[in-house]
Structures are given as C-alpha cells and as structure tokens.
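Engineer: Hey, dropping coords-v4.cif in here, mmCIF, C-alpha atoms and all ligand atoms:
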```cif
data_my_file
loop_
_atom_site.label_atom_id
_atom_site.label_comp_id
_atom_site.auth_asym_id
_atom_site.auth_seq_id
_atom_site.Cartn_x
_atom_site.Cartn_y
_atom_site.Cartn_z
CA MET A 505 13.61 -19.44 9.78
CA PRO A 506 14.53 -18.23 13.31
CA ASP A 507 11.76 -18.22 15.87
CA PRO A 508 10.92 -14.56 16.66
CA THR A 509 9.59 -15.47 20.09
CA GLN A 510 13.08 -16.63 21.15
CA PRO A 511 15.82 -14.17 22.14
CA ALA A 512 18.50 -13.86 19.48
CA SER A 513 21.45 -13.44 21.86
CA ALA A 514 23.51 -16.22 20.28
CA MET A 515 23.08 -14.67 16.87
CA ALA A 516 23.94 -11.24 18.30
CA ALA A 517 27.32 -12.59 19.42
CA THR A 518 28.00 -13.83 15.91
CA SER A 519 27.11 -10.45 14.55
CA SER A 520 29.42 -8.52 16.85
CA GLN A 521 32.30 -10.87 15.94
CA THR A 522 31.86 -10.07 12.27
CA GLN A 523 31.15 -6.36 12.89
CA ARG A 524 28.36 -6.36 10.38
CA PRO A 525 25.26 -4.33 11.25
CA ARG A 526 22.39 -6.69 12.00
CA VAL A 527 19.01 -5.97 10.46
CA ALA A 528 15.99 -7.94 11.68
CA VAL A 529 13.62 -8.18 8.73
CA PHE A 530 9.95 -8.79 9.61
CA SER A 531 7.07 -9.91 7.38
CA THR A 532 9.64 -11.53 5.11
CA ARG A 533 8.50 -13.29 1.98
CA SER A 534 10.82 -15.13 -0.42
CA TYR A 535 10.96 -12.12 -2.74
CA ASP A 536 12.05 -9.81 0.12
CA ARG A 537 14.89 -12.14 1.05
CA THR A 538 16.05 -12.30 -2.57
CA SER A 539 15.81 -8.57 -3.29
CA LEU A 540 17.48 -7.47 -0.03
CA THR A 541 20.38 -9.89 -0.31
CA ASP A 542 20.79 -8.98 -4.01
CA ALA A 543 21.01 -5.30 -2.99
CA ASP A 544 23.88 -6.17 -0.63
CA PRO A 545 26.24 -8.11 -2.92
CA GLY A 546 29.23 -7.54 -0.64
CA GLN A 547 27.28 -9.11 2.24
CA GLN A 548 28.04 -6.12 4.44
CA ILE A 549 24.77 -6.52 6.29
CA ASP A 550 23.81 -9.32 8.67
CA TRP A 551 20.21 -9.90 7.60
CA VAL A 552 18.03 -11.97 9.94
CA PHE A 553 14.72 -12.83 8.29
CA PHE A 554 11.44 -13.50 10.10
CA ASP A 555 8.22 -14.30 8.32
CA GLN A 556 6.14 -13.07 11.27
CA ARG A 557 5.09 -9.45 11.34
CA LEU A 558 6.54 -7.12 13.93
CA ASP A 559 4.23 -6.41 16.85
CA ALA A 560 4.35 -6.49 20.65
CA THR A 561 4.47 -10.31 20.64
CA THR A 562 7.36 -10.70 18.18
CA VAL A 563 9.48 -7.64 18.98
CA GLY A 564 11.87 -9.75 21.09
CA ALA A 565 13.27 -11.18 17.87
CA ALA A 566 14.98 -7.85 17.22
CA GLU A 567 17.35 -8.38 20.17
CA GLY A 568 20.90 -7.73 19.02
CA ALA A 569 19.86 -5.89 15.86
CA LEU A 570 20.84 -2.34 14.99
CA ALA A 571 17.77 -1.92 12.80
CA VAL A 572 14.44 -3.53 12.06
CA CYS A 573 13.15 -3.67 8.51
CA VAL A 574 9.36 -3.66 8.22
CA PHE A 575 6.51 -3.49 5.72
CA VAL A 576 3.04 -2.00 5.55
CA ASN A 577 1.28 -4.20 8.09
CA ASP A 578 3.95 -4.43 10.77
CA GLN A 579 2.79 -2.65 13.94
CA VAL A 580 5.44 -0.21 15.06
CA ASP A 581 3.30 1.37 17.77
CA ALA A 582 4.51 3.11 20.95
CA VAL A 583 4.86 -0.16 22.91
CA VAL A 584 6.95 -1.75 20.17
CA VAL A 585 9.07 1.38 19.66
CA ARG A 586 9.93 1.58 23.37
CA GLN A 587 10.86 -2.11 23.44
CA LEU A 588 13.01 -1.70 20.35
CA ALA A 589 14.82 1.25 21.94
CA ALA A 590 15.33 -0.69 25.20
CA MET A 591 16.96 -3.51 23.18
CA GLY A 592 19.32 -1.08 21.46
CA VAL A 593 17.57 -0.95 18.09
CA ARG A 594 18.24 2.49 16.62
CA LEU A 595 16.59 2.47 13.24
CA VAL A 596 13.30 1.40 11.66
CA LEU A 597 13.71 0.75 7.94
CA LEU A 598 10.35 0.84 6.18
CA ARG A 599 10.28 -1.11 2.91
CA CYS A 600 7.47 1.14 1.71
CA ALA A 601 6.50 4.79 1.20
CA GLY A 602 3.62 4.96 3.70
CA PHE A 603 4.45 5.28 7.41
CA ASN A 604 0.99 5.29 9.00
CA ASN A 605 1.89 2.09 10.91
CA VAL A 606 4.74 3.77 12.84
CA ASP A 607 4.23 5.89 15.96
CA LEU A 608 6.59 8.70 14.94
CA VAL A 609 6.14 10.64 18.19
CA ALA A 610 7.13 7.61 20.24
CA ALA A 611 10.06 6.95 17.91
CA ALA A 612 11.32 10.53 18.27
CA GLU A 613 10.97 10.35 22.05
CA ALA A 614 12.82 7.02 22.17
CA GLY A 615 15.59 8.22 19.85
CA VAL A 616 14.77 5.63 17.19
CA ALA A 617 15.22 6.95 13.65
CA VAL A 618 12.65 6.01 10.99
CA ALA A 619 13.45 5.72 7.29
CA ARG A 620 11.22 4.96 4.33
CA VAL A 621 11.39 4.42 0.60
CA PRO A 622 9.64 7.55 -0.67
CA GLU A 623 9.73 6.55 -4.31
CA TYR A 624 10.41 3.22 -5.89
CA SER A 625 8.12 2.87 -8.84
CA PRO A 626 5.08 5.09 -9.08
CA HIS A 627 4.52 3.28 -12.39
CA ALA A 628 3.97 -0.03 -10.59
CA VAL A 629 1.00 1.25 -8.56
CA ALA A 630 -0.37 3.57 -11.26
CA GLU A 631 -0.32 0.77 -13.84
CA HIS A 632 -1.98 -1.63 -11.40
CA THR A 633 -4.71 0.93 -10.76
CA LEU A 634 -5.29 1.14 -14.50
CA ALA A 635 -5.43 -2.66 -14.65
CA LEU A 636 -8.21 -2.63 -12.03
CA LEU A 637 -10.08 0.11 -13.89
CA LEU A 638 -9.98 -1.62 -17.28
CA ALA A 639 -10.68 -5.08 -15.87
CA LEU A 640 -13.69 -3.84 -13.89
CA ASN A 641 -15.11 -1.82 -16.75
CA ARG A 642 -14.84 -4.64 -19.31
CA LYS A 643 -15.60 -7.35 -16.70
CA ILE A 644 -12.41 -9.24 -17.53
CA HIS A 645 -12.56 -11.09 -14.19
CA ARG A 646 -15.95 -12.51 -15.12
CA ALA A 647 -15.16 -13.07 -18.80
CA TYR A 648 -12.07 -15.10 -17.88
CA ASN A 649 -14.11 -17.58 -15.85
CA ARG A 650 -16.95 -17.74 -18.36
CA VAL A 651 -14.76 -18.54 -21.33
CA ARG A 652 -12.92 -21.24 -19.40
CA GLU A 653 -16.29 -22.91 -18.76
CA GLY A 654 -17.33 -22.69 -22.40
CA ASN A 655 -19.80 -19.86 -21.76
CA PHE A 656 -19.39 -17.34 -24.54
CA ALA A 657 -22.52 -15.30 -23.81
CA LEU A 658 -21.92 -11.56 -23.48
CA ASP A 659 -24.89 -10.70 -21.24
CA GLY A 660 -23.67 -8.95 -18.12
CA LEU A 661 -20.29 -8.03 -19.63
CA LEU A 662 -21.30 -4.65 -21.06
CA GLY A 663 -18.73 -1.94 -20.44
CA PHE A 664 -18.32 1.69 -21.45
CA ASP A 665 -15.86 3.65 -23.58
CA LEU A 666 -13.33 5.26 -21.27
CA HIS A 667 -12.83 7.90 -23.95
CA GLY A 668 -14.76 11.05 -23.06
CA LYS A 669 -15.40 10.03 -19.44
CA THR A 670 -14.35 12.02 -16.36
CA ILE A 671 -11.77 10.52 -14.02
CA GLY A 672 -11.24 12.06 -10.57
CA VAL A 673 -7.84 11.59 -8.93
CA VAL A 674 -7.57 12.17 -5.18
CA GLY A 675 -3.93 12.97 -4.44
CA THR A 676 -1.58 13.93 -7.26
CA GLY A 677 1.77 13.05 -5.69
CA ARG A 678 4.09 10.58 -7.37
CA ILE A 679 1.54 7.84 -8.03
CA GLY A 680 -1.48 10.07 -8.68
CA ALA A 681 0.52 12.18 -11.16
CA THR A 682 1.78 9.06 -12.94
CA PHE A 683 -1.80 7.74 -13.13
CA CYS A 684 -2.90 11.08 -14.65
CA ARG A 685 -0.08 10.94 -17.20
CA ILE A 686 -1.06 7.43 -18.31
CA LEU A 687 -4.71 8.45 -18.60
CA THR A 688 -3.93 11.41 -20.86
CA GLY A 689 -3.58 8.78 -23.58
CA PHE A 690 -7.21 7.69 -23.19
CA GLY A 691 -8.93 10.95 -24.16
CA VAL A 692 -10.56 11.38 -20.75
CA HIS A 693 -11.34 14.53 -18.73
CA LEU A 694 -9.16 14.59 -15.65
CA LEU A 695 -10.17 16.17 -12.35
CA ALA A 696 -7.97 16.16 -9.27
CA THR A 697 -7.99 17.25 -5.68
CA ASP A 698 -4.89 17.80 -3.56
CA PRO A 699 -4.05 20.31 -0.80
CA ALA A 700 -0.76 20.84 -2.67
CA PRO A 701 -1.69 21.09 -6.37
CA SER A 702 1.11 20.38 -8.84
CA GLU A 703 1.88 22.66 -11.78
CA ALA A 704 3.28 19.69 -13.69
CA VAL A 705 -0.06 17.91 -13.27
CA ARG A 706 -1.98 21.04 -14.30
CA ALA A 707 0.19 21.18 -17.41
CA MET A 708 -1.21 17.74 -18.38
CA GLY A 709 -4.64 19.36 -18.64
CA VAL A 710 -5.83 18.20 -15.22
CA GLN A 711 -8.33 20.51 -13.49
CA TYR A 712 -8.04 20.87 -9.71
CA VAL A 713 -11.38 21.05 -7.88
CA GLU A 714 -12.63 20.48 -4.31
CA LEU A 715 -13.24 16.87 -3.27
CA ASN A 716 -17.04 17.24 -3.29
CA GLU A 717 -17.08 18.55 -6.85
CA LEU A 718 -14.71 15.78 -7.95
CA LEU A 719 -17.00 13.14 -6.42
CA GLU A 720 -20.09 14.64 -8.04
CA ARG A 721 -18.59 14.93 -11.55
CA SER A 722 -16.41 11.83 -11.91
CA ASP A 723 -17.32 8.55 -13.60
CA VAL A 724 -14.30 6.97 -11.95
CA VAL A 725 -12.72 8.12 -8.67
CA SER A 726 -9.21 6.89 -7.86
CA LEU A 727 -7.55 7.38 -4.47
CA HIS A 728 -3.81 8.16 -4.27
CA CYS A 729 -3.47 10.15 -1.05
CA PRO A 730 -1.60 8.99 2.06
CA LEU A 731 -3.40 7.70 5.15
CA THR A 732 -3.29 10.45 7.78
CA PRO A 733 -5.72 11.46 10.54
CA ALA A 734 -7.25 13.84 7.97
CA THR A 735 -7.76 11.19 5.28
CA ARG A 736 -9.01 8.31 7.49
CA HIS A 737 -12.47 7.46 6.09
CA LEU A 738 -12.19 10.37 3.66
CA ILE A 739 -14.54 8.27 1.55
CA ASP A 740 -17.37 7.60 3.99
CA GLU A 741 -21.11 7.17 3.57
CA ALA A 742 -21.63 10.89 2.80
CA ALA A 743 -18.81 10.97 0.23
CA LEU A 744 -20.10 7.81 -1.46
CA ALA A 745 -23.59 9.32 -1.64
CA ARG A 746 -22.13 12.30 -3.52
CA MET A 747 -20.68 10.09 -6.25
CA LYS A 748 -22.50 9.77 -9.56
CA PRO A 749 -24.89 6.81 -9.47
CA GLY A 750 -23.10 3.83 -11.02
CA ALA A 751 -19.63 5.39 -10.78
CA MET A 752 -16.50 3.35 -10.12
CA LEU A 753 -14.27 3.72 -7.05
CA LEU A 754 -10.63 2.58 -7.05
CA ASN A 755 -8.45 2.46 -3.96
CA THR A 756 -4.79 1.52 -4.26
CA SER A 757 -3.64 3.93 -1.52
CA ARG A 758 -4.36 2.71 2.03
CA GLY A 759 -7.41 0.75 3.13
CA ALA A 760 -8.58 3.05 5.90
CA VAL A 761 -8.99 5.99 3.50
CA VAL A 762 -12.32 4.28 2.74
CA ASP A 763 -15.00 3.14 5.20
CA ALA A 764 -15.38 -0.49 4.12
CA LYS A 765 -18.76 -0.99 5.85
CA ALA A 766 -20.20 1.98 3.98
CA LEU A 767 -19.04 0.38 0.73
CA ILE A 768 -21.28 -2.61 1.33
CA ARG A 769 -24.35 -0.38 1.71
CA VAL A 770 -23.76 1.53 -1.55
CA LEU A 771 -22.89 -1.65 -3.44
CA LYS A 772 -26.13 -3.30 -2.27
CA SER A 773 -28.18 -0.27 -3.27
CA GLY A 774 -26.48 -0.02 -6.66
CA GLN A 775 -25.34 3.56 -5.98
CA LEU A 776 -21.73 2.41 -6.49
CA GLY A 777 -21.33 0.81 -9.92
CA ALA A 778 -17.97 -0.88 -9.46
CA LEU A 779 -15.24 -1.13 -6.86
CA GLY A 780 -11.56 -1.94 -7.29
CA LEU A 781 -9.45 -2.38 -4.17
CA ASP A 782 -5.79 -3.22 -3.71
CA VAL A 783 -5.90 -2.25 -0.04
CA TYR A 784 -8.35 -2.92 2.78
CA GLU A 785 -8.70 -1.40 6.22
CA GLU A 786 -8.24 -4.71 8.05
CA GLU A 787 -5.79 -6.20 5.57
CA ALA A 788 -3.14 -6.87 8.23
CA HIS A 789 -5.09 -10.00 9.21
CA LEU A 790 -5.40 -11.20 5.63
CA PHE A 791 -2.93 -10.06 3.03
CA PHE A 792 0.47 -11.46 2.02
CA ARG A 793 -0.37 -15.00 3.22
CA ASP A 794 -2.04 -18.08 1.76
CA LEU A 795 -5.24 -18.46 3.78
CA SER A 796 -7.03 -20.52 1.14
CA GLY A 797 -7.47 -23.48 3.51
CA GLN A 798 -8.98 -21.41 6.30
CA VAL A 799 -12.42 -20.03 7.08
CA LEU A 800 -12.54 -16.30 6.39
CA GLN A 801 -13.31 -14.56 9.68
CA ASP A 802 -13.72 -11.01 8.35
CA ASP A 803 -17.43 -10.67 7.50
CA VAL A 804 -17.05 -7.28 5.80
CA PHE A 805 -14.31 -8.56 3.52
CA ALA A 806 -16.25 -11.77 2.85
CA ARG A 807 -19.32 -9.74 1.84
CA LEU A 808 -17.25 -7.54 -0.47
CA LEU A 809 -16.02 -10.67 -2.26
CA THR A 810 -19.59 -11.67 -3.15
CA PHE A 811 -20.31 -8.70 -5.43
CA PRO A 812 -19.79 -9.35 -9.15
CA ASN A 813 -18.75 -5.72 -9.65
CA VAL A 814 -15.98 -5.79 -7.04
CA LEU A 815 -12.40 -6.69 -7.89
CA ILE A 816 -9.91 -7.04 -5.04
CA THR A 817 -6.19 -7.66 -5.19
CA GLY A 818 -4.10 -8.26 -2.06
CA HIS A 819 -1.90 -5.15 -1.93
CA GLN A 820 0.10 -6.07 -5.00
CA GLY A 821 0.27 -2.61 -6.60
CA PHE A 822 3.94 -2.29 -5.68
CA PHE A 823 4.78 -5.81 -6.80
CA THR A 824 6.96 -5.47 -9.90
CA ARG A 825 10.56 -6.56 -10.41
CA GLU A 826 11.64 -2.95 -10.82
CA ALA A 827 9.88 -1.79 -7.65
CA LEU A 828 11.27 -4.63 -5.50
CA ALA A 829 14.82 -3.90 -6.65
CA ALA A 830 14.38 -0.16 -5.99
CA ILE A 831 12.88 -0.79 -2.52
CA ALA A 832 15.81 -3.02 -1.56
CA ALA A 833 18.42 -0.59 -2.94
CA THR A 834 16.92 2.38 -1.07
CA THR A 835 16.61 0.35 2.14
CA VAL A 836 20.29 -0.61 1.98
CA ASP A 837 21.20 3.02 1.18
CA ASN A 838 19.12 4.27 4.12
CA LEU A 839 21.08 1.95 6.41
CA HIS A 840 24.52 2.88 5.03
CA GLN A 841 23.71 6.58 5.28
CA PHE A 842 22.56 6.09 8.88
CA LEU A 843 25.80 4.28 9.73
CA ALA A 844 27.85 7.05 8.13
CA THR A 845 26.01 10.13 9.41
CA GLY A 846 23.52 9.06 12.08
CA GLN A 847 20.63 9.97 9.73
CA PRO A 848 19.06 7.71 7.09
CA ARG A 849 18.88 9.07 3.52
CA HIS A 850 15.09 9.31 3.65
CA PRO A 851 14.08 10.01 7.26
CA VAL A 852 10.46 10.22 8.36
CA SER A 853 9.93 12.78 11.09
CA VAL A 854 7.06 13.80 13.35
CA GLU A 855 6.35 16.87 11.19
CA ARG A 856 5.09 14.53 8.49
CA ILE A 857 2.00 13.60 10.51
CA ALA A 858 -0.69 15.78 8.95
P1 LIG A 901 3.01 11.11 -2.38
O1 LIG A 901 3.39 11.56 -1.02
O2 LIG A 901 3.97 11.31 -3.51
O3 LIG A 901 1.63 11.81 -2.81
C1 LIG A 901 0.51 11.88 -1.98
C2 LIG A 901 -0.28 13.10 -2.41
O4 LIG A 901 -1.51 13.10 -1.67
C3 LIG A 901 0.43 14.43 -2.11
O5 LIG A 901 0.44 15.23 -3.27
C4 LIG A 901 -0.42 15.04 -1.00
O6 LIG A 901 -0.45 16.46 -1.04
C5 LIG A 901 -1.78 14.43 -1.34
N1 LIG A 901 -2.76 14.52 -0.25
C6 LIG A 901 -2.54 14.56 1.09
N2 LIG A 901 -3.72 14.70 1.74
C7 LIG A 901 -4.68 14.72 0.78
C8 LIG A 901 -6.09 14.86 0.82
N3 LIG A 901 -6.75 14.99 1.98
N4 LIG A 901 -6.76 14.88 -0.34
C9 LIG A 901 -6.11 14.75 -1.53
N5 LIG A 901 -4.77 14.63 -1.63
C10 LIG A 901 -4.07 14.61 -0.48
O7 LIG A 901 2.61 9.57 -2.22
P2 LIG A 901 2.62 8.44 -3.34
O8 LIG A 901 3.96 7.80 -3.40
O9 LIG A 901 2.04 8.99 -4.58
O10 LIG A 901 1.63 7.37 -2.70
C11 LIG A 901 0.23 7.59 -2.69
C12 LIG A 901 -0.48 6.50 -1.89
O11 LIG A 901 -0.22 5.23 -2.46
C13 LIG A 901 -0.05 6.41 -0.41
O12 LIG A 901 -1.22 6.18 0.35
C14 LIG A 901 0.78 5.17 -0.37
O13 LIG A 901 0.71 4.62 0.92
C15 LIG A 901 0.06 4.31 -1.41
N6 LIG A 901 0.89 3.24 -1.95
C16 LIG A 901 0.28 2.04 -2.25
C17 LIG A 901 1.01 1.01 -2.78
C18 LIG A 901 0.36 -0.29 -3.18
O14 LIG A 901 1.09 -1.28 -3.35
N7 LIG A 901 -0.93 -0.35 -3.34
C19 LIG A 901 2.46 1.12 -2.97
C20 LIG A 901 2.98 2.45 -2.69
C21 LIG A 901 2.22 3.45 -2.18
#
```
Translate this file's structure into structure tokens.
Structural biologist:
Amino acid sequence: MPDPTQPASAMAATSSQTQRPRVAVFSTRSYDRTSLTDADPGQQIDWVFFDQRLDATTVGAAEGALAVCVFVNDQVDAVVVRQLAAMGVRLVLLRCAGFNNVDLVAAAEAGVAVARVPEYSPHAVAEHTLALLLALNRKIHRAYNRVREGNFALDGLLGFDLHGKTIGVVGTGRIGATFCRILTGFGVHLLATDPAPSEAVRAMGVQYVELNELLERSDVVSLHCPLTPATRHLIDEAALARMKPGAMLLNTSRGAVVDAKALIRVLKSGQLGALGLDVYEEEAHLFFRDLSGQVLQDDVFARLLTFPNVLITGHQGFFTREALAAIAATTVDNLHQFLATGQPRHPVSVERIA
C-alpha cells in the first residue's frame, strides 16, 4: 500500500511511460480493489490504491494522477479541490450516488470535472432498509443473542403486523420508489413526500402528502432523500415531536438528514419507538474500519448504541455483489467517456446543489 503522505513522482513516471491514465483511489477496501480491477480486464487504467481517505492531509498522494476516485466520506472540499487542480488532477470519480462531500463550486472554478454513479442498485439499499424495518419490529437483533444464550423467553420481543400499517417514505427517487414497490407486497398504506412526485410511484397506490402530515400519520418513516442544504436536519426535534408516539424511524440516506442529538432525547422519552440507521452524521470518523480494539470517542454514537430499540449498520446498504460490480463498471465508463470527450458519462454540476 503506497504511503499517501509521500509524493508519487516515481510512480507518475512509470505511468507516463505506459500511457495509461492514472487513477488514485482513496478509502480503498479489499472489495474496491477487486471490483475496480475486475471492471478493467484489459488493464487500461493505472490504479493506485490508498486505504486512507482523501482530505487536505492526504491529497499529495494524487500527484501524477489524472483522476481521483473517492467514496462517501472522502473530503473533497475547496482546499482539496484546489490542490488537486494544482497537481494536474482533472477528474473526481465518485464511487457513489451522493455528492454532498464535494465542493462543486470550487471544482467548477478549478476546472475539475466531477462524476458519480447515479444508479447502481436501488434494490441493494431498499432491501437493506426493509431488513432494518423487519429486524427492528420483530426484535431479531435481540432474539439472536437470547437464543444463543439459551434464553427462549419471549418477553420484550413483541412486534406488530406490518399489514395494515402506514409507512411514510421521504424521497421517492430510485431507492425510495424501489422501497415503495417492495412494500406494496405487505398490504401497507404508503404515504410519500417529494418536491418532484413521481407518477410511477402514484400508480403503485402511494399517496403524496406534505412532510408534516406524513410524520403525523406514519407508523414507520423511512428517509430516502439526498443530503442538501435544504434537507440537513430535516428530521430535527420538531419533526420528531410530530411523529406518532412509538413510531419507527429509518435512515439509510445520509446521516446529517437527521439531528442525531435530538434522536437521543426522543428515544429516552419513549416518543420514538424504534430507530434503524445505516448512516450517521459523524460516520466519517467511524465507518468502514475495524475500531473494535479502540475506545469509542463519539458520545452521541455511543449513547445510541445503548438503546435496545436501536439497530445501526455501518453504511452497508449499498454493499451487495451486484451493486459493487455496477459501481465499478460505471466508474470505469465515466473515466473512458471523460478521456474520449472531456466530459464523464454522469457529470455532477453546480446546478445540482439544491
Ligand atoms: P435519487 O436522486 O434517485 O432520489 C432522491 C429523491 O429525493 C428525489 O426524488 C428528490 O426529488 C427527493 N428529494 C429531494 N429533496 C427532498 C426533500 N426535501 N424531501 C423529500 N424528498 C426530497 O436518489 P437515490 O439514488 O434514490 O438515493 C437516495 C438517498 O440514498 C441519497 O441520500 C443517497 O445518498 C442515499 N444512498 C445511500 C446508500 C447506502 O448505502 N446507505 C447507497 C446509495 C444511496
């Protein structure tokens, strides 16, 4: 594993000799290395993998690269973008759909193109959201431990029939719509809120309402909107207070859509009945690494882990074989299209900042 704090000038020379475009891949895990190299069978790309995330302290590792390839918690802020541009990096390849971690204005000003993977498997995230819902409702996380310890008592494991309940879906884009489609098989009432309602979703029998009405009527609220300035802390103390007492909240979108501190208050009071998270506002310091031997420094996260009615996964909604292969294929295609035309296949532009 190259050291990202060291300049990569020697490697750059190798790259120019072979004429292959160099891509510096940050936040690399073994599965990223496998999927990206599998998506480039002709070895046309000179991948350089770093396990560190991209930020102002590691950006030097991109020296000599044409593009950087980053994930959800890499920090592509204005400082990093300007340094990338100064080093000759011309493209940021996001291995994800969300782009809230990239300063698009700075990128446009610096002439650095940004590409993303708009769709890889909405099924992966929608199915994971359903897994959280069903596990929380039927207390599978608790039952699993009990049975392993020879405790077959059912007290505390009481759930409810999903059939007949009202599920509120915030954001009916690719993932939200897929989640709705899956839920039509459960005999539930579906409410949704989205500034751009979808006719296809309406045709599934989903009723669009304002956010406040959705919060007040839903037994389960599931978040599938992007993180934008408008959706940051969309679910705050006031929104949580509007929810039905004992309702369930699921967030597999982006952590900062929910105010995590406010969650602790409503969980303590019992106002919130259950919470399923795949994302967390401060996850950049936690997720995608094995920290099991270390003392947890995040007191909010540590408190959330203590509630029996909270189930947290570490941003694994996307993590299926199909999704990884699709992410890698689109990333490679974004690069090839950029090399051929000067524009990636799926560019992200400033206009996308809502
Ligand atoms: P999408 O762009 O297809 O759909 C997002 C929808 O949210 C759009 O219909 C948009 O109009 C709507 N929206 C925007 N502002 C809203 C608001 N204030 N209230 C309600 N709806 C609003 O995006 P996609 O692919 O469905 O992704 C949804 C979310 O899932 C994103 O936050 C993305 O970052 C996250 N995600 C999470 C993953 C995970 O592993 N947990 C993996 C992939 C995406």
Engineer: Hey, can you check how far atom CA of Met747 of chain A sits from atom CA of Gly780 of chain A?
Structural biologist: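 A separation of 15.1 Å between them.
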Engineer: Dump the neighbourhood of ligand LIG 901 (chain A) as a PyMOL selection string: all residues within 9 Å, distances computed on all atoms listed in the file.
Structural biologist: chain A and resi 576+600-604+622-626+628-630+632-633+673-682+696-702+715+727-732+734-736+738+755-759+761+781-783+818-823+858
Engineer: When you count only C-alpha atoms, which of these residues is closest to Ala745 of chain A: A:Val724, A:Ala619, A:Leu719, A:Ala543?
Structural biologist: A:Leu719
Engineer: Nearest to Gln847 of chain A: which of A:Val593, A:Val618, A:Ala778, A:Leu636 is it, counting all atoms listed in the file?
Structural biologist: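 Between A:Val593, A:Val618, A:Ala778, A:Leu636, the residue approaching Gln847 of chain A most closely is A:Val618.
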Engineer: What is the distance between atom CA of Arg557 of chain A and atom CA of Ala614 of chain A, in Å to one decimal?
Structural biologist: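 For atom CA of Arg557 of chain A relative to atom CA of Ala614 of chain A, the distance reads 21.2 Å.
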Engineer: If I take atom CA of Ile686 of chain A and atom CA of Ala704 of chain A, how far is one from the other in Å, to one decimal?
Structural biologist: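 The value is 13.8 Å.
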Engineer: Give me the residues near Ser773 of chain A as a list of chain:residue names, where near means some atom within 12 Å (using all atoms listed in the file) and where sequence neighbours in that chain fewer than 2 positions away do not count.
Structural biologist: A:Leu744, A:Ala745, A:Pro749, A:Gly750, A:Ala766, A:Leu767, A:Ile768, A:Arg769, A:Val770, A:Leu771, A:Gln775, A:Leu776, A:Gly777, A:Ala778, A:Phe811
Engineer: Find the residues around segment 659-670 of chain A up to 9 Å (only C-alpha atoms counted), leave out those fewer than 4 positions away in its own chain, and share them as a PDB file with C-alpha atoms, in the coordinates of the input.
Structural biologist:
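Resulting contents of part02.pdb:
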```
ATOM      1  CA  LEU A 638      -9.980  -1.620 -17.280  1.00  0.00           C
ATOM      2  CA  LEU A 640     -13.690  -3.840 -13.890  1.00  0.00           C
ATOM      3  CA  ASN A 641     -15.110  -1.820 -16.750  1.00  0.00           C
ATOM      4  CA  ARG A 642     -14.840  -4.640 -19.310  1.00  0.00           C
ATOM      5  CA  LYS A 643     -15.600  -7.350 -16.700  1.00  0.00           C
ATOM      6  CA  ILE A 644     -12.410  -9.240 -17.530  1.00  0.00           C
ATOM      7  CA  ARG A 646     -15.950 -12.510 -15.120  1.00  0.00           C
ATOM      8  CA  ALA A 647     -15.160 -13.070 -18.800  1.00  0.00           C
ATOM      9  CA  PHE A 690      -7.210   7.690 -23.190  1.00  0.00           C
ATOM     10  CA  GLY A 691      -8.930  10.950 -24.160  1.00  0.00           C
ATOM     11  CA  VAL A 692     -10.560  11.380 -20.750  1.00  0.00           C
ATOM     12  CA  HIS A 693     -11.340  14.530 -18.730  1.00  0.00           C
ATOM     13  CA  LEU A 694      -9.160  14.590 -15.650  1.00  0.00           C
ATOM     14  CA  LEU A 695     -10.170  16.170 -12.350  1.00  0.00           C
ATOM     15  CA  ARG A 721     -18.590  14.930 -11.550  1.00  0.00           C
ATOM     16  CA  SER A 722     -16.410  11.830 -11.910  1.00  0.00           C
ATOM     17  CA  ASP A 723     -17.320   8.550 -13.600  1.00  0.00           C
ATOM     18  CA  VAL A 724     -14.300   6.970 -11.950  1.00  0.00           C
ATOM     19  CA  VAL A 725     -12.720   8.120  -8.670  1.00  0.00           C
TER      20      VAL A 725
END
```
Engineer: Given only C-alpha atoms as the basis, pick out the residue of A:Phe805, A:Glu567, A:Tyr784, A:Gly672 nearest to Glu714 of chain A.
Structural biologist: A:Gly672
Engineer: Using all atoms listed in the file, which residue out of A:Val651, A:Gln548, A:Asp536, A:Thr541 lies closest to Arg524 of chain A?
Structural biologist: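 So, comparing all the options, the nearest one is A:Gln548.
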Engineer: Of the residues A:Val563, A:Leu637, A:Cys573, A:Val621, which is the one nearest to Ala829 of chain A, using all atoms listed in the file?
Structural biologist: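 Closest residue, counting all atoms listed in the file: A:Val621.
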Engineer: Just checking: using all atoms listed in the file, which residue out of A:Val836, A:Ala764, A:Ala571, A:Ala566 ends up closest to Asp803 of chain A?
Structural biologist: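 Of A:Val836, A:Ala764, A:Ala571, A:Ala566, the one nearest Asp803 of chain A, counting all atoms listed in the file, is A:Ala764.
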Engineer: Missing atoms in segment 635-644 of chain A need filling: write out N, CA, C and O atoms for it as a short mmCIF file (atom, residue, chain, number, x, y, z; two decimals), in the frame of the given file.
Structural biologist:
```cif
data_model
loop_
_atom_site.label_atom_id
_atom_site.label_comp_id
_atom_site.auth_asym_id
_atom_site.auth_seq_id
_atom_site.Cartn_x
_atom_site.Cartn_y
_atom_site.Cartn_z
N ALA A 635 -5.02 -1.27 -14.41
CA ALA A 635 -5.43 -2.66 -14.65
C ALA A 635 -6.78 -2.93 -13.97
O ALA A 635 -7.68 -3.55 -14.56
N LEU A 636 -6.94 -2.44 -12.74
CA LEU A 636 -8.21 -2.63 -12.03
C LEU A 636 -9.34 -1.92 -12.78
O LEU A 636 -10.43 -2.46 -12.95
N LEU A 637 -9.05 -0.69 -13.21
CA LEU A 637 -10.08 0.11 -13.89
C LEU A 637 -10.57 -0.60 -15.16
O LEU A 637 -11.78 -0.79 -15.38
N LEU A 638 -9.61 -1.01 -16.00
CA LEU A 638 -9.98 -1.62 -17.28
C LEU A 638 -10.64 -2.98 -17.07
O LEU A 638 -11.62 -3.32 -17.74
N ALA A 639 -10.12 -3.75 -16.12
CA ALA A 639 -10.68 -5.08 -15.87
C ALA A 639 -12.12 -4.96 -15.36
O ALA A 639 -13.02 -5.68 -15.80
N LEU A 640 -12.35 -4.01 -14.44
CA LEU A 640 -13.69 -3.84 -13.89
C LEU A 640 -14.66 -3.35 -14.96
O LEU A 640 -15.79 -3.83 -15.06
N ASN A 641 -14.22 -2.38 -15.74
CA ASN A 641 -15.11 -1.82 -16.75
C ASN A 641 -15.52 -2.87 -17.77
O ASN A 641 -16.70 -3.02 -18.09
N ARG A 642 -14.54 -3.67 -18.25
CA ARG A 642 -14.84 -4.64 -19.31
C ARG A 642 -15.11 -6.04 -18.74
O ARG A 642 -15.24 -7.00 -19.48
N LYS A 643 -15.22 -6.09 -17.40
CA LYS A 643 -15.60 -7.35 -16.70
C LYS A 643 -14.66 -8.50 -17.07
O LYS A 643 -15.09 -9.65 -17.29
N ILE A 644 -13.39 -8.22 -17.15
CA ILE A 644 -12.41 -9.24 -17.53
C ILE A 644 -12.40 -10.39 -16.52
O ILE A 644 -12.22 -11.56 -16.88
#
```
